[in-house]
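Participant: Contents of upload31.cif (mmCIF, C-alpha atoms and all ligand atoms; chains and numbers go by the auth columns) are given next:
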data_data
loop_
_atom_site.group_PDB
_atom_site.id
_atom_site.type_symbol
_atom_site.label_atom_id
_atom_site.label_comp_id
_atom_site.label_asym_id
_atom_site.label_seq_id
_atom_site.Cartn_x
_atom_site.Cartn_y
_atom_site.Cartn_z
_atom_site.B_iso_or_equiv
_atom_site.auth_seq_id
_atom_site.auth_asym_id
ATOM 1 C CA MET A 1 -27.796 -12.392 9.479 0.00 41 G
ATOM 2 C CA GLY A 2 -27.069 -8.896 8.221 0.00 42 G
ATOM 3 C CA ASN A 3 -24.431 -8.346 10.831 0.00 43 G
ATOM 4 C CA ASN A 4 -21.214 -8.904 8.953 0.00 44 G
ATOM 5 C CA ILE A 5 -18.421 -6.342 8.935 0.00 45 G
ATOM 6 C CA PHE A 6 -19.084 -5.275 5.356 0.00 46 G
ATOM 7 C CA ASP A 7 -22.579 -3.979 5.977 0.00 47 G
ATOM 8 C CA PRO A 8 -21.652 -0.280 6.235 0.00 48 G
ATOM 9 C CA LEU A 9 -19.574 -0.625 3.069 0.00 49 G
ATOM 10 C CA ILE A 10 -22.275 -2.224 0.990 0.00 50 G
ATOM 11 C CA LYS A 11 -24.913 0.425 1.602 0.00 51 G
ATOM 12 C CA ILE A 12 -25.313 2.976 -1.204 0.00 52 G
ATOM 13 C CA TYR A 13 -25.015 6.533 0.057 0.00 53 G
ATOM 14 C CA ASN A 14 -26.531 9.676 -1.449 0.00 54 G
ATOM 15 C CA ASN A 15 -23.216 11.023 -2.689 0.00 55 G
ATOM 16 C CA ASP A 16 -22.187 7.761 -4.341 0.00 56 G
ATOM 17 C CA SER A 17 -21.915 7.573 -8.102 0.00 57 G
ATOM 18 C CA CYS A 18 -21.131 4.874 -10.624 0.00 58 G
ATOM 19 C CA ILE A 19 -17.365 4.492 -10.960 0.00 59 G
ATOM 20 C CA CYS A 20 -17.627 4.279 -14.754 0.00 60 G
ATOM 21 C CA CYS A 21 -20.264 6.786 -15.862 0.00 61 G
ATOM 22 C CA HIS A 22 -20.741 8.760 -12.611 0.00 62 G
ATOM 23 C CA GLY A 23 -24.461 8.118 -12.864 0.00 63 G
ATOM 24 C CA LYS A 24 -26.764 6.899 -10.150 0.00 64 G
ATOM 25 C CA PRO A 25 -25.435 3.586 -8.803 0.00 65 G
ATOM 26 C CA ASN A 26 -27.493 0.410 -8.385 0.00 66 G
ATOM 27 C CA GLY A 27 -24.948 -1.665 -6.550 0.00 67 G
ATOM 28 C CA VAL A 28 -21.762 -1.690 -4.544 0.00 68 G
ATOM 29 C CA GLY A 29 -18.783 -3.858 -5.294 0.00 69 G
ATOM 30 C CA LEU A 30 -15.717 -4.712 -3.301 0.00 70 G
ATOM 31 C CA PHE A 31 -12.550 -4.929 -5.294 0.00 71 G
ATOM 32 C CA GLN A 32 -10.059 -7.320 -3.767 0.00 72 G
ATOM 33 C CA PRO A 33 -6.572 -6.734 -5.171 0.00 73 G
ATOM 34 C CA LYS A 34 -4.321 -9.765 -5.513 0.00 74 G
ATOM 35 C CA ASP A 35 -1.422 -7.818 -4.040 0.00 75 G
ATOM 36 C CA SER A 36 -2.586 -5.807 -1.005 0.00 76 G
ATOM 37 C CA ILE A 37 0.767 -4.076 -0.536 0.00 77 G
ATOM 38 C CA GLU A 38 0.739 -2.621 -4.026 0.00 78 G
ATOM 39 C CA TRP A 39 -2.591 -1.080 -3.088 0.00 79 G
ATOM 40 C CA GLY A 40 -1.468 0.476 0.177 0.00 80 G
ATOM 41 C CA GLY A 41 -2.436 -2.483 2.335 0.00 81 G
ATOM 42 C CA TYR A 42 -0.435 -4.797 4.518 0.00 82 G
ATOM 43 C CA GLN A 43 0.988 -8.219 3.963 0.00 83 G
ATOM 44 C CA ASN A 44 -1.316 -11.044 5.021 0.00 84 G
ATOM 45 C CA LYS A 45 -4.121 -8.595 5.429 0.00 85 G
ATOM 46 C CA GLN A 46 -6.718 -8.569 2.700 0.00 86 G
ATOM 47 C CA ARG A 47 -7.568 -5.162 1.339 0.00 87 G
ATOM 48 C CA PHE A 48 -10.983 -4.372 -0.049 0.00 88 G
ATOM 49 C CA ILE A 49 -11.747 -1.302 -2.085 0.00 89 G
ATOM 50 C CA ARG A 50 -15.355 -0.260 -2.261 0.00 90 G
ATOM 51 C CA TYR A 51 -16.888 1.105 -5.432 0.00 91 G
ATOM 52 C CA CYS A 52 -20.359 1.729 -6.800 0.00 92 G
ATOM 53 C CA PHE A 53 -21.648 0.808 -10.200 0.00 93 G
ATOM 54 C CA CYS A 54 -24.835 1.075 -12.196 0.00 94 G
ATOM 55 C CA GLU A 55 -26.685 -1.688 -13.988 0.00 95 G
ATOM 56 C CA GLU A 56 -25.784 -0.380 -17.452 0.00 96 G
ATOM 57 C CA CYS A 57 -22.039 -0.352 -16.788 0.00 97 G
ATOM 58 C CA LEU A 58 -22.205 -3.740 -15.095 0.00 98 G
ATOM 59 C CA LYS A 59 -23.466 -5.176 -18.397 0.00 99 G
ATOM 60 C CA THR A 60 -20.493 -3.781 -20.325 0.00 100 G
ATOM 61 C CA ASP A 61 -17.886 -6.214 -21.614 0.00 101 G
ATOM 62 C CA GLY A 62 -14.721 -6.189 -19.539 0.00 102 G
ATOM 63 C CA PHE A 63 -16.385 -4.385 -16.654 0.00 103 G
ATOM 64 C CA PRO A 64 -14.230 -5.949 -13.870 0.00 104 G
ATOM 65 C CA GLU A 65 -11.015 -5.113 -15.744 0.00 105 G
ATOM 66 C CA PHE A 66 -12.177 -1.582 -16.366 0.00 106 G
ATOM 67 C CA VAL A 67 -13.047 -1.129 -12.683 0.00 107 G
ATOM 68 C CA GLU A 68 -9.626 -2.401 -11.690 0.00 108 G
ATOM 69 C CA TYR A 69 -8.036 0.070 -14.100 0.00 109 G
ATOM 70 C CA LEU A 70 -10.124 2.997 -12.800 0.00 110 G
ATOM 71 C CA LEU A 71 -9.379 2.097 -9.187 0.00 111 G
ATOM 72 C CA SER A 72 -5.657 1.838 -9.871 0.00 112 G
ATOM 73 C CA GLN A 73 -5.745 5.300 -11.480 0.00 113 G
ATOM 74 C CA LYS A 74 -7.574 6.697 -8.462 0.00 114 G
ATOM 75 C CA PHE A 75 -5.138 5.018 -6.117 0.00 115 G
ATOM 76 C CA LYS A 76 -2.124 6.453 -7.942 0.00 116 G
ATOM 77 C CA SER A 77 -3.604 9.941 -7.922 0.00 117 G
ATOM 78 C CA GLY A 78 -4.206 9.704 -4.180 0.00 118 G
ATOM 79 C CA GLU A 79 -7.948 9.894 -4.610 0.00 119 G
ATOM 80 C CA LEU A 80 -8.571 6.590 -2.872 0.00 120 G
ATOM 81 C CA THR A 81 -8.673 7.055 0.859 0.00 121 G
ATOM 82 C CA GLN A 82 -10.248 3.885 2.119 0.00 122 G
HETATM 83 ZN ZN ZN B . -22.491 3.528 -14.806 0.00 201 V
#
Once more with this new file: its structure as structure tokens, please.

Facilitator:
Amino acid sequence: MGNNIFDPLIKIYNNDSCICCHGKPNGVGLFQPKDSIEWGGYQNKQRFIRYCFCEECLKTDGFPEFVEYLLSQKFKSGELTQ
């Protein structure tokens, strides 16, 4: 228990901020794109993109779609490194 490979990803770090409002995050999500290659990954290898969110933004309608949009913008601008 507590020893899976995602542990270091799921921890909230001091410099993390909510992907939507840039406020203090309450949780960490892993976005799993349907097409890894489009997102800089490899075929047959699942890509996960880590992001932080706060409780308020999580409650917003269309939150998952908005996160996907924000992440795709970051990816295109080269801001996403992991
Ligand atoms: Zn927020």

Participant: What does the PyMOL selection byres (((not hetatm)) within 7 of (chain V and resi 201)) select in this file, as number ranges by chain?

Facilitator: G: 58-63, 65, 93-97

Participant: Taking into account only C-alpha atoms, which residue in the set G:Val68, G:Ile50, G:Leu120, G:Asn55 is nearest to G:Cys92?

Facilitator: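 Once distances to G:Cys92 are computed over only C-alpha atoms, the minimum belongs to G:Val68.
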
Participant: Tell me, in Å to one decimal, how far atom CA of G:Leu98 is from atom CA of G:Gly67.

Facilitator: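 Atom-to-atom, atom CA of G:Leu98 to atom CA of G:Gly67, that is 9.2 Å.
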
Participant: To one decimal place, how far is atom CA of G:Lys51 from atom CA of G:Gly80 in Å?

Facilitator: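 Computing the Euclidean distance for atom CA of G:Lys51 and atom CA of G:Gly80 yields 23.5 Å.
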
Participant: For this structure, which residues satisfy the selection - the PyMOL selection byres (((chain G and resi 114-117) around 12) and not hetatm) - when it is evaluated on the file as given? I want them as a PyMOL selection string.

Facilitator: chain G and resi 59+73+78-81+89+91+107-113+118-122

Participant: What do you get, as an MDAnalysis selection string, if you spell out every residue that the PyMOL selection byres (((chain G and resi 72) around 7) and not hetatm) selects here?

Facilitator: chainID G and resid 70:71 73:74 87:89

Participant: Quick one: distance from atom CA of G:Gly69 to atom CA of G:Glu105 in Å, one decimal?

Facilitator: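 Taking atom CA of G:Gly69 as the start and atom CA of G:Glu105 as the end point, the length is 13.1 Å.
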